[in-house]
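Please read the structure below before turning to the comments.
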Amino acid sequence: SNAYPGRGIVLGRTPDGKKAVAAYFIMGRSANSRNRVFVEDGDGIRTQAFDEAKLEDPSLIIYAPVRVLGNKTIVTNGDQTDTVYDFIKDGKTFEEALETREFEPDAPNFTPRISGMLTFGEKDFAYKMSILKSADAEGSACNRYTFSYAATAGLGHFIHTYACDGNPLPTFQGEPERVAIPDDIDTFLNEIWENLNEQNKISIYVRYIDLETGAVENRMINKNK
């Protein structure tokens, strides 16, 4: 029923407790935003223009949403993926990385930067989520919120950039939303994809990670083919 949640991240755990889950989707209202696809890139993915000739401004739409570093999987809606990656590589934290970033400079929307990170231990994992958003309608300051979660079987958390459609777009409010995570990756992929607004959805990527073996299963849909 929500025509425009914008970009969204879901992190969680399957009901059987055996797999960690990450999902990321993008939506768009402008021709430039809609002119995108996900492509695999090493252990992660990146966005690229579907039609290079129609690419107008790559600054906020071309980035790597998913990157892997050691026992950490990073998922974000912008180039802060690289910031988190570089900080973690230097022995710093998720929070320290995001202290150096703020919401996107796309007035009057001031789109929030949303980020997540799964950290795998020897037998279990936990995850964090973050949102960086404007303190006011003028974009005069940035408020930063971080949420830390123990991984609970069957439960995920969902954070997205916008509360709903509008002009300007209203920012996501409150804590990440609790969502049910199924055991089957295709069930989850299709549940999200089929419930995103047909006009505005662009791409989705879902990853299931086996906690015992480390085996990774990925699914991806691009509206532009």
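Each chain in the structure tokens gets a letter, A, B and so on, in the order shown; residues start at 1 in every chain, and ligands are counted from 1 in the order they appear.
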
Residues within 6 Å of A:Pro176, please, as a compact mmCIF listing (two decimals) with C-alpha atoms, in the first residue's frame. Count only C-alpha atoms; anything in the same chain fewer than 2 positions from it doesn't count.
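What landed in result.txt:
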```txt
# COMPACT_ATOMS: atom_id res chain seq x y z
CA HIS A 157 14.41 -5.46 10.61
CA PHE A 158 13.47 -3.20 7.71
CA ILE A 159 14.63 0.38 7.23
```

Practice problem: Give the strand (DSSP E) residues of chain A, as assigned by DSSP on the backbone, as a VMD selection string. | Solution: chain A and resid 8 to 13 19 to 27 36 to 41 44 to 49 66 to 69 72 to 76 113 to 120 125 to 134 142 to 150 155 to 160 177 to 180 201 to 210 216 to 222

Each residue of stretch 144-175 of chain A with at least one atom at most 6 Å from stretch 124-136 of chain A should appear once, together with its nearest atom pair and the corresponding distance in Å (one decimal); atoms considered: only C-alpha atoms; ordering: chain, then increasing residue number; output as a tab-separated table.
```
residue	atom	partner	partner_atom	distance
A:Arg144	CA	A:Leu132	CA	4.6
A:Tyr145	CA	A:Ile131	CA	5.4
A:Thr146	CA	A:Ser130	CA	4.4
A:Phe147	CA	A:Met129	CA	5.1
A:Ser148	CA	A:Lys128	CA	4.4
A:Tyr149	CA	A:Tyr127	CA	5.4
A:Ala150	CA	A:Ala126	CA	4.9
A:Ala151	CA	A:Ala126	CA	5.2
```

Got time to write the residues from that selection, C-alpha atoms, as a JSON list (two decimals), in the first residue's frame?
```json
[["chain", "number", "residue", "atom", "x", "y", "z"],
["A", 144, "ARG", "CA", 22.59, 9.98, 13.29],
["A", 145, "TYR", "CA", 20.84, 6.90, 14.69],
["A", 146, "THR", "CA", 22.32, 3.41, 15.10],
["A", 147, "PHE", "CA", 20.42, 0.26, 16.09],
["A", 148, "SER", "CA", 22.13, -2.95, 17.25],
["A", 149, "TYR", "CA", 20.39, -6.32, 17.10],
["A", 150, "ALA", "CA", 20.95, -9.85, 18.29],
["A", 151, "ALA", "CA", 19.98, -12.18, 15.46]]
```

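Excluding A:Thr81 and any residue on its chain fewer than 6 positions from it, the residues at most 9 Å away by only C-alpha atoms are Tyr63, Ala64, Pro65, Val66, Arg67, Ile74, Val75 and Ser115 of chain A.
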
Considering only C-alpha atoms, give me a table of residues in stretch 112-209 of chain A that are at most 8 Å from stretch 19-27 of chain A, with the closest atom pair and distance in Å for each, as a Markdown table.
```
| residue | atom | partner | partner_atom | distance |
| --- | --- | --- | --- | --- |
| A:Phe125 | CA | A:Ala20 | CA | 7.8 |
| A:Asn200 | CA | A:Met27 | CA | 5.2 |
| A:Lys201 | CA | A:Met27 | CA | 4.3 |
| A:Ile202 | CA | A:Met27 | CA | 5.1 |
| A:Ser203 | CA | A:Ile26 | CA | 5.5 |
| A:Ile204 | CA | A:Phe25 | CA | 4.2 |
| A:Tyr205 | CA | A:Tyr24 | CA | 5.4 |
| A:Val206 | CA | A:Ala23 | CA | 4.3 |
| A:Arg207 | CA | A:Ala22 | CA | 5.2 |
| A:Tyr208 | CA | A:Val21 | CA | 4.7 |
| A:Ile209 | CA | A:Ala20 | CA | 5.0 |
```

Practice problem: Measure the distance from atom CA of A:Phe110 to atom CA of A:Glu56 in Å and round it to one decimal. | Solution: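 One can read the atom CA of A:Phe110 to atom CA of A:Glu56 distance as 19.2 Å.
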
Exercise. For stretch 5-7 of chain A, please output as a list of chain:residue names all residues within 8 Å (counting only C-alpha atoms; exclusion window: fewer than 2 positions along the same chain).
Key: A:Asn2, A:Ala3, A:Ile9, A:Tyr24, A:Phe25, A:Ile26, A:Met27, A:Gly28, A:Asn77, A:His160, A:Thr161, A:Tyr162, A:Ala163, A:Cys164, A:Asp165

Quiz item: If you count only C-alpha atoms, which residues fall within 9 Å of A:Lys54, apart from same-chain ones fewer than 4 positions away, as a PyMOL selection string?
Solution: chain A and resi 31-32+35+49-50

Practice problem: Tell me which protein, DNA and RNA residues are within 10 Å of A:Pro105, counting only C-alpha atoms, leaving out same-chain ones fewer than 6 positions away, and put them as a PyMOL selection string. | Solution: chain A and resi 60+111-112+134+139

Exercise. Determine which residues of stretch 57-204 of chain A DSSP labels as helix (DSSP H, G or I) from the backbone of this structure, then write them out as a ChimeraX atom specification.
Key: /A:80-89,94-98,185-195

Output N, CA and C atoms of each residue in that selection to a file, as a PDB file, in the first residue's frame.
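Generated file (out08.pdb):
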```pdb
ATOM      1  N   GLN A  80      28.483   5.393   0.949  1.00  0.00           N
ATOM      2  CA  GLN A  80      28.975   5.179   2.309  1.00  0.00           C
ATOM      3  C   GLN A  80      29.326   3.715   2.550  1.00  0.00           C
ATOM      4  N   THR A  81      28.914   2.820   1.639  1.00  0.00           N
ATOM      5  CA  THR A  81      29.406   1.437   1.693  1.00  0.00           C
ATOM      6  C   THR A  81      30.931   1.444   1.724  1.00  0.00           C
ATOM      7  N   ASP A  82      31.522   2.253   0.850  1.00  0.00           N
ATOM      8  CA  ASP A  82      32.986   2.320   0.761  1.00  0.00           C
ATOM      9  C   ASP A  82      33.593   2.947   2.008  1.00  0.00           C
ATOM     10  N   THR A  83      32.899   3.927   2.582  1.00  0.00           N
ATOM     11  CA  THR A  83      33.381   4.559   3.817  1.00  0.00           C
ATOM     12  C   THR A  83      33.441   3.543   4.947  1.00  0.00           C
ATOM     13  N   VAL A  84      32.353   2.786   5.120  1.00  0.00           N
ATOM     14  CA  VAL A  84      32.325   1.762   6.170  1.00  0.00           C
ATOM     15  C   VAL A  84      33.404   0.716   5.913  1.00  0.00           C
ATOM     16  N   TYR A  85      33.515   0.268   4.689  1.00  0.00           N
ATOM     17  CA  TYR A  85      34.524  -0.730   4.319  1.00  0.00           C
ATOM     18  C   TYR A  85      35.930  -0.252   4.690  1.00  0.00           C
ATOM     19  N   ASP A  86      36.258   0.984   4.313  1.00  0.00           N
ATOM     20  CA  ASP A  86      37.601   1.518   4.571  1.00  0.00           C
ATOM     21  C   ASP A  86      37.870   1.681   6.064  1.00  0.00           C
ATOM     22  N   PHE A  87      36.885   2.135   6.821  1.00  0.00           N
ATOM     23  CA  PHE A  87      37.058   2.301   8.263  1.00  0.00           C
ATOM     24  C   PHE A  87      37.243   0.952   8.956  1.00  0.00           C
ATOM     25  N   ILE A  88      36.433  -0.031   8.591  1.00  0.00           N
ATOM     26  CA  ILE A  88      36.565  -1.360   9.187  1.00  0.00           C
ATOM     27  C   ILE A  88      37.928  -1.953   8.844  1.00  0.00           C
ATOM     28  N   LYS A  89      38.365  -1.759   7.631  1.00  0.00           N
ATOM     29  CA  LYS A  89      39.679  -2.253   7.203  1.00  0.00           C
ATOM     30  C   LYS A  89      40.793  -1.641   8.034  1.00  0.00           C
ATOM     31  N   PHE A  94      31.806   0.720  12.612  1.00  0.00           N
ATOM     32  CA  PHE A  94      30.660   1.117  11.796  1.00  0.00           C
ATOM     33  C   PHE A  94      30.221   2.536  12.148  1.00  0.00           C
ATOM     34  N   GLU A  95      30.102   2.791  13.445  1.00  0.00           N
ATOM     35  CA  GLU A  95      29.645   4.105  13.902  1.00  0.00           C
ATOM     36  C   GLU A  95      30.655   5.207  13.570  1.00  0.00           C
ATOM     37  N   GLU A  96      31.936   4.915  13.752  1.00  0.00           N
ATOM     38  CA  GLU A  96      32.971   5.919  13.437  1.00  0.00           C
ATOM     39  C   GLU A  96      32.932   6.285  11.960  1.00  0.00           C
ATOM     40  N   ALA A  97      32.725   5.297  11.121  1.00  0.00           N
ATOM     41  CA  ALA A  97      32.648   5.564   9.680  1.00  0.00           C
ATOM     42  C   ALA A  97      31.506   6.509   9.356  1.00  0.00           C
ATOM     43  N   LEU A  98      30.332   6.245   9.929  1.00  0.00           N
ATOM     44  CA  LEU A  98      29.149   7.023   9.582  1.00  0.00           C
ATOM     45  C   LEU A  98      29.113   8.384  10.254  1.00  0.00           C
ATOM     46  N   ILE A 185      14.668 -18.570   0.253  1.00  0.00           N
ATOM     47  CA  ILE A 185      15.134 -17.314  -0.331  1.00  0.00           C
ATOM     48  C   ILE A 185      14.212 -16.823  -1.448  1.00  0.00           C
ATOM     49  N   ASP A 186      13.698 -17.727  -2.261  1.00  0.00           N
ATOM     50  CA  ASP A 186      12.830 -17.300  -3.366  1.00  0.00           C
ATOM     51  C   ASP A 186      11.490 -16.775  -2.868  1.00  0.00           C
ATOM     52  N   THR A 187      10.998 -17.376  -1.789  1.00  0.00           N
ATOM     53  CA  THR A 187       9.765 -16.887  -1.176  1.00  0.00           C
ATOM     54  C   THR A 187       9.946 -15.443  -0.706  1.00  0.00           C
ATOM     55  N   PHE A 188      11.084 -15.181  -0.065  1.00  0.00           N
ATOM     56  CA  PHE A 188      11.352 -13.838   0.453  1.00  0.00           C
ATOM     57  C   PHE A 188      11.545 -12.838  -0.686  1.00  0.00           C
ATOM     58  N   LEU A 189      12.342 -13.227  -1.681  1.00  0.00           N
ATOM     59  CA  LEU A 189      12.572 -12.375  -2.845  1.00  0.00           C
ATOM     60  C   LEU A 189      11.252 -11.961  -3.487  1.00  0.00           C
ATOM     61  N   ASN A 190      10.404 -12.938  -3.752  1.00  0.00           N
ATOM     62  CA  ASN A 190       9.148 -12.662  -4.451  1.00  0.00           C
ATOM     63  C   ASN A 190       8.170 -11.881  -3.583  1.00  0.00           C
ATOM     64  N   GLU A 191       8.184 -12.145  -2.284  1.00  0.00           N
ATOM     65  CA  GLU A 191       7.287 -11.417  -1.386  1.00  0.00           C
ATOM     66  C   GLU A 191       7.589  -9.918  -1.411  1.00  0.00           C
ATOM     67  N   ILE A 192       8.864  -9.580  -1.377  1.00  0.00           N
ATOM     68  CA  ILE A 192       9.241  -8.161  -1.417  1.00  0.00           C
ATOM     69  C   ILE A 192       8.945  -7.573  -2.797  1.00  0.00           C
ATOM     70  N   TRP A 193       9.458  -8.241  -3.827  1.00  0.00           N
ATOM     71  CA  TRP A 193       9.366  -7.700  -5.189  1.00  0.00           C
ATOM     72  C   TRP A 193       7.920  -7.487  -5.627  1.00  0.00           C
ATOM     73  N   GLU A 194       7.067  -8.462  -5.348  1.00  0.00           N
ATOM     74  CA  GLU A 194       5.680  -8.377  -5.796  1.00  0.00           C
ATOM     75  C   GLU A 194       4.888  -7.318  -5.027  1.00  0.00           C
ATOM     76  N   ASN A 195       5.377  -6.940  -3.861  1.00  0.00           N
ATOM     77  CA  ASN A 195       4.668  -5.938  -3.064  1.00  0.00           C
ATOM     78  C   ASN A 195       5.227  -4.525  -3.225  1.00  0.00           C
TER      79      ASN A 195
END
```

Quiz item: Nearest to A:Ala53: which of A:Met117, A:Gly214, A:Arg36, A:Thr171 is it, counting only C-alpha atoms?
Solution: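 Among the listed residues, the smallest separation from A:Ala53 belongs to A:Arg36.
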
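Nearest to A:Ser33 of all the residues A:Arg46, A:Glu104, A:Ile62, A:Glu212 is A:Ile62, counting only C-alpha atoms.
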